[in-house]
Structure formats: C-alpha cells, structure tokens
Amino acid sequence: MAVRTFTKPTSLNQSIAIVTHSMPEGTGKERSNEAAKNSADAFSRDSKSPLASHTNPTSKPGITFAAQDNLPKLPIPDLETSCKKYLESLEPLQSHKEHRESQAAVRDFLKSEGPALQDRLKKYAEDKANYIEQFWYDSYLNYDNPVVLNLNPFFLLEDDPTPARNNQVTRAASLVTSALAFVRAVRREELPPDTIRGQPLCMYQYSRLFGTARIPTEHGCHIGQDPNAKHIVVMAHGQFYWFDVLDDNSDLIMTEKDMALNLDVIVADASKVPLQDAAKGALGVLSTENRKVWSGLRDVLHRDEDSNNSDCLNIVDSALFILCLDYTEPITGADLCMNMLCGTSRIERGVQVGTCTNRWYDKLQIIVCKNGSAGINFEHTGVDGHTVLRFASDLYTDTILRFARTINGQAPSLWASISPDPSKRDPDSFGDVQTTPHKLEWDMLPELSTALRFAETRLADLIAQNEFETLEFMSYGKNFMTTMGFSPDAFVQMAFQAAYYGLYGRVECVYEPAMTKFYFHGRTEAVRSVTNESLDFVRTFWGENPATAKVETLRKACQKHVDLTKICAKAEGHDRHMYALNCIWQRSLEDPMIGLASDTASYDSTGRTTPDIASTSPSMFSSPSSRKSIISDDGSVTSSQVQTTQHTMPALFADPGWDKQNTTILSTSNCGNPSLRQFGFGPTSGEGFGIGYIIKDGSVSICASSKHRQTKRFVDALEAYFLEIRKLLRQTRKGTGGDKSASRAREAEEKQSKKGAKAKSRGRNILAHAGQQTAEAQEEGLEDEDEDGLGGYGFFDAGMLLQALKANKDGAETPGDKAAAHKRNIGRRLQLAEY
C-alpha cells in the first residue's frame, strides 16, 4: 500500500476565466497576432532553458507560453452579422415556409431582446479571458450522463515501425517514457508553441493535460489538478498499481528498461487473479456511471478521509495519467477503435471480463493491447483534439527518435533538453520517490460491490447500443485531391453529404470544428458544412447530369466550405456567439433580479447554468449548442418553465430552426497525421453518425459510429462515392493544383530546357513531369472497366523526419479496383425528390 500521503487535486474551476497571463498595466503593449508572433520569435533555441514559471509566478515565461501575453482576445462578433450567418446556415436545411418563419424570428430578436443580450454579453466578457470559455466548461461539466461513448474521444496510434518492439510491455514502456519527456517539456516551458504559418497559437490547454481529473459532485463536475504530480497509475485486469516516474524537478527517474521491468511485474501480478474474480473489484467501471451516482459513490470512498479507499482514490485522481494494459488483441480496425473508445464487452459465466472494466474515464489514458496496438482516450472538457494530437504525435515521434539514438547517438531529439540519465544519478538526488510498483487495495464495501455490478450492466448496455465501422481508403488521398485543385478537407466533407443524400434523399445538419487557438484561451468555432452550394452539388451529383456539371458544382461547394472555414478560424462564425447569447438569457431566468434591460448586473463566472440534465451529450468535436442535449444541459426552457418564471423565450431560441441547427446528425472532425491510424468518438445523437477522419498523402482513414444506424452501409456509400468522383474528375480532366511534392530539381531542369541549355547527356526522357504523373499518367494506367458506373463496396504535421523514418503507403491508384465492376448494374438513376 502507499507510503506517501496523497491529497485531493485542487479544483481549477474557480480560475477558469481568470486571465492567467495578463498584460502589466502601463506597458503600452497590445494583444495582437503580430505581437504574439514577435514575442515567440524573440526566443532562440539556446534561450529555451528551464524557467519553472509554473511554480514561480514571478519568473519570466519560457518559450511554451512566450506568446500568451500578446495573443488577441477572442472577439465578440457583430449581432446582425451573426444573425445573418445563422439564417444562411439554416436555409439549406429548411423548407421555404420554415425559413420564412426563422427569418421572422430573427427580425423579432433583433428588434427586442437581441441588442440587450449583446450588451450584457459584452459587459460579462470585460473581465474574462474569453467570452465563451465559462459557458463551454459549464456545458460539459454539468453533463450528467456517462462520459464514455458520449464525451471522451480516442486516437489509435500507428504500430511501432520496428516490429520487434510491438509487444505490450516494450511498447508501453516506450510510450510512457516519451510521454514523460513531453510532461517535462511542458513543465519546464521548453515545449515550442504550436504555430500555423509562423503564427503562435494559445498553449493554455497544455497546462491542463496532466495530473488532472474530472471529479463529479452533487452540483456538477469540476476539473481537479495536482500540478506537482510525479506518479502514474497502471491498470491491468481491472486492478490498480502506481509508482513514481518523476522527481521534484520533473526529471525522469527511470530508464525505459526500468519502466519495462515495472510493467512486466505488474502484468504478471495482475494475471494471478482470475478475470472473473478481478472483475468483482474493477472499480474503474464506476467512472462510467451517471455523474450524480458516481458523485455519491465517491462520497462513500471518501467517507473516512484516512481510509484505504480515500487514499487510493486520491492516488488515481492525482496521477499524471493512466496506463491501461489490456489482455486482448483486437485485429480489425473497428474492433481496435471500439477498444480505444469504450473497451470490449465480453460476458463469461455471467461476469464481465471485457476490457471495458480496465479503464478510468475521468483522466487521460494511454491504452496498450497485448499485441502492442496502442491508443489514447482522454477527458475532453479542458483540452481539444488539436492539443492531444500534438501530444500523441510528439509521443510517437519521440519513440522512433529515441530508438534511432540507440543506433546512432547523433540522432536528433524533439526536446530542448533531456533528463539526466537516471542510471548515472545518485539515488539520493531522486528525493522522496517510490519506484517500486504498489498495488492499490480497495476495501470492497457492500455498497461498492452492489454499485459496481449495476454500473457494469449499464455500461454493457451502452456498448451494445453503439457500433463502429472503419474505412481505410487507399486509392488516393491528399496528393490527388490537391492535384485536382481541391481543399482536401472540403473534398471529404462533400463526400459525407453526398453519401448521406444517396442513402436518405435529404441533407441534415453537419458539424465540423474550426480551431480558434489564434486567440487567448481559444477553443473551436462550428463550421456548418451544409450550404446552398453543397445542397446544389449533392442534387446535381445524384441527378442525370453531365460530369462537367457535377464537377463544377463540387468545386463551388468546396470553395464555399473553404471560405466558411477561414471565417470560423478567424472567430467570425455565428455558432459560439449565438450560444453565448442563449446562455446569457438563461442566466437571466435563473436570477429573477436580473432583467435584460439592466446595465449593472454581472454574472458569476463559475456559476452553473442549470441543474437540468438531458439524455445525450456534447462532443469533443461538436459545438456546445450542437445537440439538443447541450441545450438541455444549459437550461433550454419548456413552455411550463416559461410560465413559471414569467419570462418569454426570445423568438430566435423558440423557433424550430434553433433546434434543427443544434441537432447534429453528422458530427465530423478532421484530426490526425501520419502517427495516427484512426481517431473517432461516439455518435452525437441517436439519429446520427460520429465521423472522425484523417486525410493522409495517399489515403483517407475514417471511423464512423452510430447507434446501429446502418453504419457499414454508410461507410460503403462513402467508398463508392470516392471512386465515382475520381472517375468524374478523370473524365473532365480539370486538375489545376499541380503536384506539390514534385521535385524542385525537375523544375530547374525544365527551365533549363526552355532556355535551350545543352543537355548534359543524350537519350530520351522516360519520366513525365511529377505533377502530370500524379494527375494523368497514374490515372491512364487504370483499367477501363472502372470508368463505368458507381464505385465498388468493399493538419498538423509530425515532421519530415517522422515521414522519412516511417514511410506511408503511397496510395497510388492501381488496377485493384476490380471489385467495383458490379457498379455497371446500377443503371440510370432517377432524380431524387428535392428536400
């Protein structure tokens, strides 16, 4: 049992909206993108030294947070502009009659409550780091249903490129060692800031990635953190172990070999307990319960603060992260995705022995299967996918580079500095640490045993209600799309709408997040992907129209999507703004003394919006207002509530269009790089799909989930669309982008040829221009039978070094598309009824 005393992580809720890096008064500095870039550029590599500003508030921030003081504040958009964009996003989803009603509701809103709500929002935001931040946290932390499958997303890492290292203990030890190097870089502020085209992004979320836990209470959850955590918790067969991995200076105190030895001992010890017996004490299942139920059970665990259970719970809550060692070996993509998102459900002799019992969903988890397949599952309230993607890709890259250094000691490192070799340090320099694994021995009170049984059956039901399908589309990827002159993300977004329209004959609300981390404490803005242009495209595509018309409407739809994404990335979208206005209005209902006409009232930045809980959840990749569940979480008022509070709901929020836009049917997100095989999340509504996708140079990886809504058929329809649209693009032959991977040396050769320069050698050139090779020569090599009918059924860069060390499949088209031959039988297609 533990020797050291562990205390509860301190709640971060009270400081959510506090400006943690504020401008000193009188400095004359202004928050702007240019100022942020200049401050980041001022740091040379040599200056990235440990400054420990996370423990010393008076010290100068290091490179990680160098730009924080200068990042611009998230702007509050103009009210009339947001309303106009709101109506534009609704138009393709509505009938003419419905749209006229929504237009009338917006006009009424602009003439009545709208301006007052806008003024109150501006006053509320004056002393806040970010006008939407607290409302965002409230929408997640007040959510009462299980977080598994509803809130937590997952990343599935590619296998280690060295096959011999793809066994559980070796892979886990390698990943943990790299994860700790990342922790050290963040704590010492040596992690270079994320940038896009040299522009630094907000790094605040990295301070909340480790040592944090979602902790339920009777009045909603809060995020707790131990900023000085130096241990990890390992789960195997549902049993808990812990040991220290860092010293007080955040230096590693174990080598990778030592780590592997500890993990090997843990796996051996855990396997001594039969699975059926271990399941009876797998208390991690309780983290999948209804949050209020889980809060009551935590009170039981903490009933005696000096008890074994209280200490065990504190150890888990305050750990840097959880390492889950599974005994299973999933093979298929769908099984792997399910295991990373929610674990497996397997009943033996009436007892749950699946990996779903080997999780703790309130924290960041690294999951490693028996065969070395690995992934990440994370609690999403305080961090977005972009942040965890940086962690995942750096973690993966470091495992490769560290292995490379065992071959060549001069191989580069990701880190500005590295920990002193633990094997060469004086043991006394480690301080008060426990490097030997300790098993947590919970006292299984009768209340806990009963609760565990009920929690497991509910979890098994939840898992059974969802299904997953994956598509590894290898025929082409980003290179082909850009060669054809398309934005890859827009191209894939149109695929989702076309596939759905082909199955159901209509379009539905589609959501995609756009990152707003150019701004202080920025999160995301919602891209409402269905537009008049995309609707025109899917109707044209499924109609009896010439290929040129289909391709032309596709280009217009993709360009519109690109324009929308740019607007949202500049925080000029309407979704977050409208949601904040809705929250401001709801708060006026909760406090009868607050009227919309008041100019002096203020809001408590940490207050709850409502105790009401709904049946579904927000998603990592969805707007806080993108589901009916979130509206309920934040206090959507029924007619009876309006009558009770004697408030009239603003016409805009009462209009059916508000619910239509906030009920996401296709919740999508593009998040990945070559370090990931798949990523995804659960469906955002019972009627919809959750779609995570990764666009690689020569392939597209898609993980789709739903509550048994023909997920495989939808994935098959996507594959068929990708093949069909490629055929149409070949027919029209309008590639304009050029192959961006073409050799610069070949360009120079062509320029010399045009100048009439004398060739260095005689002979016939046998290679086409690289751009032509991608756009045309490869296409011409395809068999003619793929020309007929519909196809068969069957952002962030990890760096050039990673791609060189781990080559991806090139995704070139081959004659392997013969499976599409049956498409000829589809015949002429009837024009679908207009939506």
# chains A, B, ... in the order shown; residues from 1 in each chain; ligands from 1
$ residues_around --residues "Cys324 in chain A" --least-positions-apart "3" --cutoff "6 Å" --atoms "only C-alpha atoms" --output "list in words"
Val234, Met235 and Ile367 of chain A
$ write_last_selection --atoms "N, CA and C atoms" --output "PDB file, in the first residue's frame"
ATOM      1  N   VAL A 234      -1.182   2.456 -13.268  1.00  0.00           N
ATOM      2  CA  VAL A 234      -1.253   1.411 -14.286  1.00  0.00           C
ATOM      3  C   VAL A 234      -2.425   0.503 -13.955  1.00  0.00           C
ATOM      4  N   MET A 235      -3.256   0.215 -14.953  1.00  0.00           N
ATOM      5  CA  MET A 235      -4.377  -0.699 -14.778  1.00  0.00           C
ATOM      6  C   MET A 235      -4.145  -1.953 -15.608  1.00  0.00           C
ATOM      7  N   ILE A 367      -3.610   3.523 -23.734  1.00  0.00           N
ATOM      8  CA  ILE A 367      -4.093   2.143 -23.755  1.00  0.00           C
ATOM      9  C   ILE A 367      -3.192   1.309 -24.656  1.00  0.00           C
TER      10      ILE A 367
END
$ select_by_dssp --residues "range 222-354 of chain A" --states "alpha helix (DSSP H)" --output "PyMOL selection string"
chain A and resi 256-270+275-279+291-301+308-318+333-341
$ atom_distance --atom1 "CA of Asp659 in chain A" --atom2 "CA of Tyr504 in chain A"
20.5 Å
$ residues_around --residues "Ile253 in chain A" --least-positions-apart "2" --cutoff "12 Å" --atoms "only C-alpha atoms" --output "VMD selection string"
chain A and resid 177 180 to 181 184 230 to 231 243 to 251 255 to 259 418 to 436
$ write_last_selection --atoms "N, CA and C atoms" --output "JSON list (two decimals), in the first residue's frame"
[["chain", "number", "residue", "atom", "x", "y", "z"],
["A", 177, "THR", "N", 7.70, 6.49, -21.45],
["A", 177, "THR", "CA", 8.93, 7.26, -21.36],
["A", 177, "THR", "C", 8.85, 8.53, -22.22],
["A", 180, "LEU", "N", 6.47, 11.07, -20.63],
["A", 180, "LEU", "CA", 7.08, 11.78, -19.51],
["A", 180, "LEU", "C", 8.04, 12.86, -19.99],
["A", 181, "ALA", "N", 8.71, 12.62, -21.11],
["A", 181, "ALA", "CA", 9.56, 13.65, -21.69],
["A", 181, "ALA", "C", 8.72, 14.84, -22.13],
["A", 184, "ARG", "N", 7.72, 16.77, -19.01],
["A", 184, "ARG", "CA", 8.87, 17.57, -18.57],
["A", 184, "ARG", "C", 9.01, 18.83, -19.40],
["A", 230, "LYS", "N", 3.81, 13.34, -9.77],
["A", 230, "LYS", "CA", 5.02, 12.70, -10.29],
["A", 230, "LYS", "C", 4.88, 11.18, -10.38],
["A", 231, "HIS", "N", 3.65, 10.67, -10.31],
["A", 231, "HIS", "CA", 3.43, 9.23, -10.42],
["A", 231, "HIS", "C", 2.42, 8.94, -11.51],
["A", 243, "PHE", "N", 3.37, 3.92, -9.31],
["A", 243, "PHE", "CA", 4.76, 4.14, -8.91],
["A", 243, "PHE", "C", 5.19, 5.50, -9.45],
["A", 244, "ASP", "N", 6.20, 6.09, -8.81],
["A", 244, "ASP", "CA", 6.70, 7.40, -9.21],
["A", 244, "ASP", "C", 7.56, 7.28, -10.45],
["A", 245, "VAL", "N", 7.50, 8.32, -11.28],
["A", 245, "VAL", "CA", 8.27, 8.32, -12.53],
["A", 245, "VAL", "C", 9.07, 9.61, -12.71],
["A", 246, "LEU", "N", 8.77, 10.64, -11.91],
["A", 246, "LEU", "CA", 9.48, 11.91, -11.99],
["A", 246, "LEU", "C", 9.96, 12.33, -10.61],
["A", 247, "ASP", "N", 11.00, 13.15, -10.58],
["A", 247, "ASP", "CA", 11.41, 13.73, -9.31],
["A", 247, "ASP", "C", 10.78, 15.12, -9.18],
["A", 248, "ASP", "N", 11.18, 15.84, -8.15],
["A", 248, "ASP", "CA", 10.56, 17.15, -7.91],
["A", 248, "ASP", "C", 10.91, 18.17, -8.97],
["A", 249, "ASN", "N", 11.94, 17.90, -9.77],
["A", 249, "ASN", "CA", 12.31, 18.80, -10.86],
["A", 249, "ASN", "C", 11.73, 18.37, -12.20],
["A", 250, "SER", "N", 10.83, 17.38, -12.16],
["A", 250, "SER", "CA", 10.21, 16.82, -13.36],
["A", 250, "SER", "C", 11.19, 16.09, -14.25],
["A", 251, "ASP", "N", 12.32, 15.68, -13.71],
["A", 251, "ASP", "CA", 13.25, 14.82, -14.44],
["A", 251, "ASP", "C", 12.84, 13.36, -14.27],
["A", 255, "THR", "N", 14.80, 4.62, -16.33],
["A", 255, "THR", "CA", 15.11, 4.40, -17.74],
["A", 255, "THR", "C", 13.96, 3.61, -18.38],
["A", 256, "GLU", "N", 13.97, 3.55, -19.69],
["A", 256, "GLU", "CA", 12.94, 2.76, -20.38],
["A", 256, "GLU", "C", 13.02, 1.29, -19.97],
["A", 257, "LYS", "N", 14.23, 0.81, -19.75],
["A", 257, "LYS", "CA", 14.41, -0.57, -19.33],
["A", 257, "LYS", "C", 13.80, -0.80, -17.94],
["A", 258, "ASP", "N", 14.02, 0.17, -17.03],
["A", 258, "ASP", "CA", 13.41, 0.08, -15.69],
["A", 258, "ASP", "C", 11.89, 0.11, -15.79],
["A", 259, "MET", "N", 11.39, 0.97, -16.67],
["A", 259, "MET", "CA", 9.95, 1.07, -16.86],
["A", 259, "MET", "C", 9.37, -0.26, -17.33],
["A", 418, "ILE", "N", 17.12, 17.23, -22.13],
["A", 418, "ILE", "CA", 16.62, 15.93, -21.70],
["A", 418, "ILE", "C", 17.02, 15.68, -20.25],
["A", 419, "SER", "N", 16.33, 14.77, -19.62],
["A", 419, "SER", "CA", 16.64, 14.44, -18.22],
["A", 419, "SER", "C", 18.02, 13.81, -18.11],
["A", 420, "PRO", "N", 18.70, 14.07, -17.01],
["A", 420, "PRO", "CA", 19.96, 13.35, -16.77],
["A", 420, "PRO", "C", 19.69, 11.85, -16.75],
["A", 421, "ASP", "N", 20.63, 11.07, -17.22],
["A", 421, "ASP", "CA", 20.47, 9.61, -17.27],
["A", 421, "ASP", "C", 20.20, 9.08, -15.86],
["A", 422, "PRO", "N", 19.00, 8.53, -15.63],
["A", 422, "PRO", "CA", 18.68, 8.05, -14.27],
["A", 422, "PRO", "C", 19.66, 6.99, -13.77],
["A", 423, "SER", "N", 20.21, 6.20, -14.69],
["A", 423, "SER", "CA", 21.12, 5.12, -14.27],
["A", 423, "SER", "C", 22.45, 5.65, -13.78],
["A", 424, "LYS", "N", 22.73, 6.93, -14.04],
["A", 424, "LYS", "CA", 24.01, 7.50, -13.64],
["A", 424, "LYS", "C", 23.86, 8.52, -12.49],
["A", 425, "ARG", "N", 22.65, 8.66, -12.00],
["A", 425, "ARG", "CA", 22.41, 9.63, -10.93],
["A", 425, "ARG", "C", 22.59, 9.00, -9.55],
["A", 426, "ASP", "N", 22.91, 9.85, -8.61],
["A", 426, "ASP", "CA", 22.96, 9.43, -7.21],
["A", 426, "ASP", "C", 21.53, 9.19, -6.74],
["A", 427, "PRO", "N", 21.20, 8.01, -6.25],
["A", 427, "PRO", "CA", 19.82, 7.72, -5.80],
["A", 427, "PRO", "C", 19.28, 8.74, -4.81],
["A", 428, "ASP", "N", 20.13, 9.35, -4.02],
["A", 428, "ASP", "CA", 19.68, 10.34, -3.06],
["A", 428, "ASP", "C", 19.13, 11.59, -3.74],
["A", 429, "SER", "N", 19.54, 11.80, -5.00],
["A", 429, "SER", "CA", 19.09, 13.01, -5.71],
["A", 429, "SER", "C", 17.65, 12.90, -6.18],
["A", 430, "PHE", "N", 17.08, 11.68, -6.11],
["A", 430, "PHE", "CA", 15.69, 11.49, -6.56],
["A", 430, "PHE", "C", 14.68, 12.07, -5.56],
["A", 431, "GLY", "N", 15.09, 12.20, -4.31],
["A", 431, "GLY", "CA", 14.17, 12.71, -3.29],
["A", 431, "GLY", "C", 13.21, 11.63, -2.81],
["A", 432, "ASP", "N", 12.05, 12.08, -2.34],
["A", 432, "ASP", "CA", 11.05, 11.16, -1.79],
["A", 432, "ASP", "C", 10.23, 10.55, -2.92],
["A", 433, "VAL", "N", 10.69, 9.40, -3.40],
["A", 433, "VAL", "CA", 10.00, 8.74, -4.51],
["A", 433, "VAL", "C", 9.83, 7.26, -4.20],
["A", 434, "GLN", "N", 8.84, 6.68, -4.85],
["A", 434, "GLN", "CA", 8.56, 5.24, -4.74],
["A", 434, "GLN", "C", 8.59, 4.65, -6.15],
["A", 435, "THR", "N", 9.67, 4.01, -6.50],
["A", 435, "THR", "CA", 9.80, 3.47, -7.86],
["A", 435, "THR", "C", 9.33, 2.02, -7.97],
["A", 436, "THR", "N", 9.12, 1.37, -6.84],
["A", 436, "THR", "CA", 8.60, 0.01, -6.86],
["A", 436, "THR", "C", 7.09, 0.05, -7.02]]
$ atom_distance --atom1 "CA of Cys509 in chain A" --atom2 "CA of Thr664 in chain A"
5.2 Å
$ residues_around --residues "Asp326 in chain A" --least-positions-apart "4" --cutoff "12 Å" --atoms "only C-alpha atoms" --output "PyMOL selection string"
chain A and resi 167-169+172+234-239+266-267+270-271+275+330+336+339-340+343-344+353-359+366-375
$ residues_around --residues "Trp585 in chain A" --least-positions-apart "2" --cutoff "9 Å" --atoms "only C-alpha atoms" --output "JSON, numbers by chain"
{"A": [113, 117, 580, 581, 582, 583, 587, 588, 589, 596, 649, 650]}
$ write_last_selection --atoms "C-alpha atoms" --output "PDB file, in the first residue's frame"
ATOM      1  CA  GLU A 113     -34.091  41.030 -26.742  1.00  0.00           C
ATOM      2  CA  LEU A 117     -28.371  40.414 -24.675  1.00  0.00           C
ATOM      3  CA  ALA A 580     -23.273  32.651 -25.574  1.00  0.00           C
ATOM      4  CA  LEU A 581     -26.318  34.889 -26.058  1.00  0.00           C
ATOM      5  CA  ASN A 582     -28.538  31.917 -25.254  1.00  0.00           C
ATOM      6  CA  CYS A 583     -26.550  31.291 -22.055  1.00  0.00           C
ATOM      7  CA  ARG A 587     -28.869  33.145 -16.615  1.00  0.00           C
ATOM      8  CA  SER A 588     -31.357  35.979 -16.515  1.00  0.00           C
ATOM      9  CA  LEU A 589     -34.052  33.347 -15.872  1.00  0.00           C
ATOM     10  CA  LEU A 596     -32.322  42.109 -19.749  1.00  0.00           C
ATOM     11  CA  MET A 649     -38.376  32.938 -24.589  1.00  0.00           C
ATOM     12  CA  PRO A 650     -36.763  35.046 -27.320  1.00  0.00           C
TER      13      PRO A 650
END
$ closest_residue --among "A:Phe182, A:Trp442, A:Tyr137, A:Tyr327" --to "Ala282 in chain A" --atoms "only C-alpha atoms"
A:Trp442
$ residues_around --residues "Pro216 in chain A" --least-positions-apart "2" --cutoff "6 Å" --atoms "only C-alpha atoms" --output "ChimeraX atom specification"
/A:221,291,295
$ closest_residue --among "A:Ala717, A:Val530, A:Ile567, A:Ala260" --to "Gln94 in chain A" --atoms "only C-alpha atoms"
A:Val530
$ closest_residue --among "A:Thr288, A:Ser345, A:Gln118, A:Thr217" --to "Gln465 in chain A" --atoms "only C-alpha atoms"
A:Ser345
$ atom_distance --atom1 "CA of Asp159 in chain A" --atom2 "CA of Asp398 in chain A"
13.7 Å
$ residues_around --residues "Gly350 in chain A" --least-positions-apart "2" --cutoff "12 Å" --atoms "only C-alpha atoms" --output "number ranges by chain"
A: 276-277, 279-280, 345-348, 352-354, 453, 456-457, 460
$ write_last_selection --atoms "N, CA, C and O atoms" --output "mmCIF file, in the first residue's frame"
data_model
loop_
_atom_site.group_PDB
_atom_site.id
_atom_site.type_symbol
_atom_site.label_atom_id
_atom_site.label_comp_id
_atom_site.auth_asym_id
_atom_site.auth_seq_id
_atom_site.Cartn_x
_atom_site.Cartn_y
_atom_site.Cartn_z
ATOM 1 N N GLN A 276 -12.571 -13.435 -13.762
ATOM 2 C CA GLN A 276 -13.888 -13.354 -13.116
ATOM 3 C C GLN A 276 -13.790 -12.770 -11.711
ATOM 4 O O GLN A 276 -14.661 -12.006 -11.281
ATOM 5 N N ASP A 277 -12.723 -13.111 -11.006
ATOM 6 C CA ASP A 277 -12.529 -12.577 -9.658
ATOM 7 C C ASP A 277 -12.104 -11.112 -9.700
ATOM 8 O O ASP A 277 -12.564 -10.295 -8.888
ATOM 9 N N ALA A 279 -12.830 -8.941 -11.912
ATOM 10 C CA ALA A 279 -13.944 -8.094 -12.332
ATOM 11 C C ALA A 279 -14.784 -7.624 -11.154
ATOM 12 O O ALA A 279 -15.399 -6.554 -11.211
ATOM 13 N N LYS A 280 -14.805 -8.408 -10.074
ATOM 14 C CA LYS A 280 -15.617 -8.050 -8.914
ATOM 15 C C LYS A 280 -15.054 -6.840 -8.171
ATOM 16 O O LYS A 280 -15.751 -6.231 -7.354
ATOM 17 N N SER A 345 -16.844 -5.580 -24.493
ATOM 18 C CA SER A 345 -17.795 -6.198 -23.563
ATOM 19 C C SER A 345 -17.838 -7.693 -23.866
ATOM 20 O O SER A 345 -18.188 -8.097 -24.971
ATOM 21 N N ARG A 346 -17.477 -8.481 -22.872
ATOM 22 C CA ARG A 346 -17.435 -9.934 -23.055
ATOM 23 C C ARG A 346 -17.888 -10.586 -21.750
ATOM 24 O O ARG A 346 -17.276 -10.373 -20.700
ATOM 25 N N ILE A 347 -18.948 -11.337 -21.842
ATOM 26 C CA ILE A 347 -19.530 -11.964 -20.657
ATOM 27 C C ILE A 347 -19.152 -13.446 -20.609
ATOM 28 O O ILE A 347 -19.366 -14.177 -21.575
ATOM 29 N N GLU A 348 -18.564 -13.855 -19.493
ATOM 30 C CA GLU A 348 -18.236 -15.268 -19.262
ATOM 31 C C GLU A 348 -18.844 -15.695 -17.939
ATOM 32 O O GLU A 348 -18.562 -15.112 -16.899
ATOM 33 N N GLN A 352 -18.621 -9.922 -16.437
ATOM 34 C CA GLN A 352 -17.990 -9.079 -17.449
ATOM 35 C C GLN A 352 -16.473 -9.198 -17.345
ATOM 36 O O GLN A 352 -15.873 -8.849 -16.325
ATOM 37 N N VAL A 353 -15.850 -9.703 -18.404
ATOM 38 C CA VAL A 353 -14.394 -9.840 -18.415
ATOM 39 C C VAL A 353 -13.783 -9.042 -19.570
ATOM 40 O O VAL A 353 -12.611 -9.209 -19.901
ATOM 41 N N GLY A 354 -14.580 -8.183 -20.205
ATOM 42 C CA GLY A 354 -14.058 -7.363 -21.293
ATOM 43 C C GLY A 354 -13.148 -6.264 -20.790
ATOM 44 O O GLY A 354 -13.059 -5.986 -19.584
ATOM 45 N N ARG A 453 -21.698 -3.777 -9.717
ATOM 46 C CA ARG A 453 -22.473 -4.722 -10.533
ATOM 47 C C ARG A 453 -23.459 -3.972 -11.427
ATOM 48 O O ARG A 453 -23.575 -4.251 -12.622
ATOM 49 N N GLU A 456 -21.655 -1.922 -14.209
ATOM 50 C CA GLU A 456 -21.157 -2.755 -15.309
ATOM 51 C C GLU A 456 -22.266 -3.142 -16.267
ATOM 52 O O GLU A 456 -22.079 -3.139 -17.491
ATOM 53 N N THR A 457 -23.440 -3.502 -15.741
ATOM 54 C CA THR A 457 -24.529 -3.895 -16.637
ATOM 55 C C THR A 457 -24.997 -2.714 -17.479
ATOM 56 O O THR A 457 -25.322 -2.869 -18.662
ATOM 57 N N ALA A 460 -22.363 -2.244 -20.173
ATOM 58 C CA ALA A 460 -22.503 -3.259 -21.220
ATOM 59 C C ALA A 460 -23.657 -2.917 -22.153
ATOM 60 O O ALA A 460 -23.569 -3.100 -23.377
#
$ closest_residue --among "A:Ala490, A:Leu728, A:Ile315, A:Leu401" --to "Thr548 in chain A" --atoms "only C-alpha atoms"
A:Leu728
$ closest_atom_pairs --of "range 202-311 of chain A" --to "range 61-81 of chain A" --cutoff "9 Å" --atoms "only C-alpha atoms" --output "CSV"
residue,atom,partner,partner_atom,distance
A:Cys202,CA,A:Gln68,CA,6.4
A:Met203,CA,A:Phe65,CA,6.3
A:Tyr204,CA,A:Phe65,CA,7.7
$ write_last_selection --atoms "N, CA and C atoms" --output "PDB file, in the first residue's frame"
ATOM      1  N   CYS A 202      -2.505  29.580 -28.930  1.00  0.00           N
ATOM      2  CA  CYS A 202      -2.633  29.550 -27.477  1.00  0.00           C
ATOM      3  C   CYS A 202      -2.192  28.189 -26.942  1.00  0.00           C
ATOM      4  N   MET A 203      -1.382  28.186 -25.904  1.00  0.00           N
ATOM      5  CA  MET A 203      -0.842  26.947 -25.333  1.00  0.00           C
ATOM      6  C   MET A 203      -1.443  26.638 -23.963  1.00  0.00           C
ATOM      7  N   TYR A 204      -2.470  27.379 -23.573  1.00  0.00           N
ATOM      8  CA  TYR A 204      -3.031  27.230 -22.239  1.00  0.00           C
ATOM      9  C   TYR A 204      -3.465  25.795 -21.932  1.00  0.00           C
TER      10      TYR A 204
END
$ select_by_dssp --residues "range 42-269 of chain A" --states "strand (DSSP E or B)" --output "ChimeraX atom specification"
/A:154-157,195-196,199-200,212-217,220-225,231-236,239-244,246,252
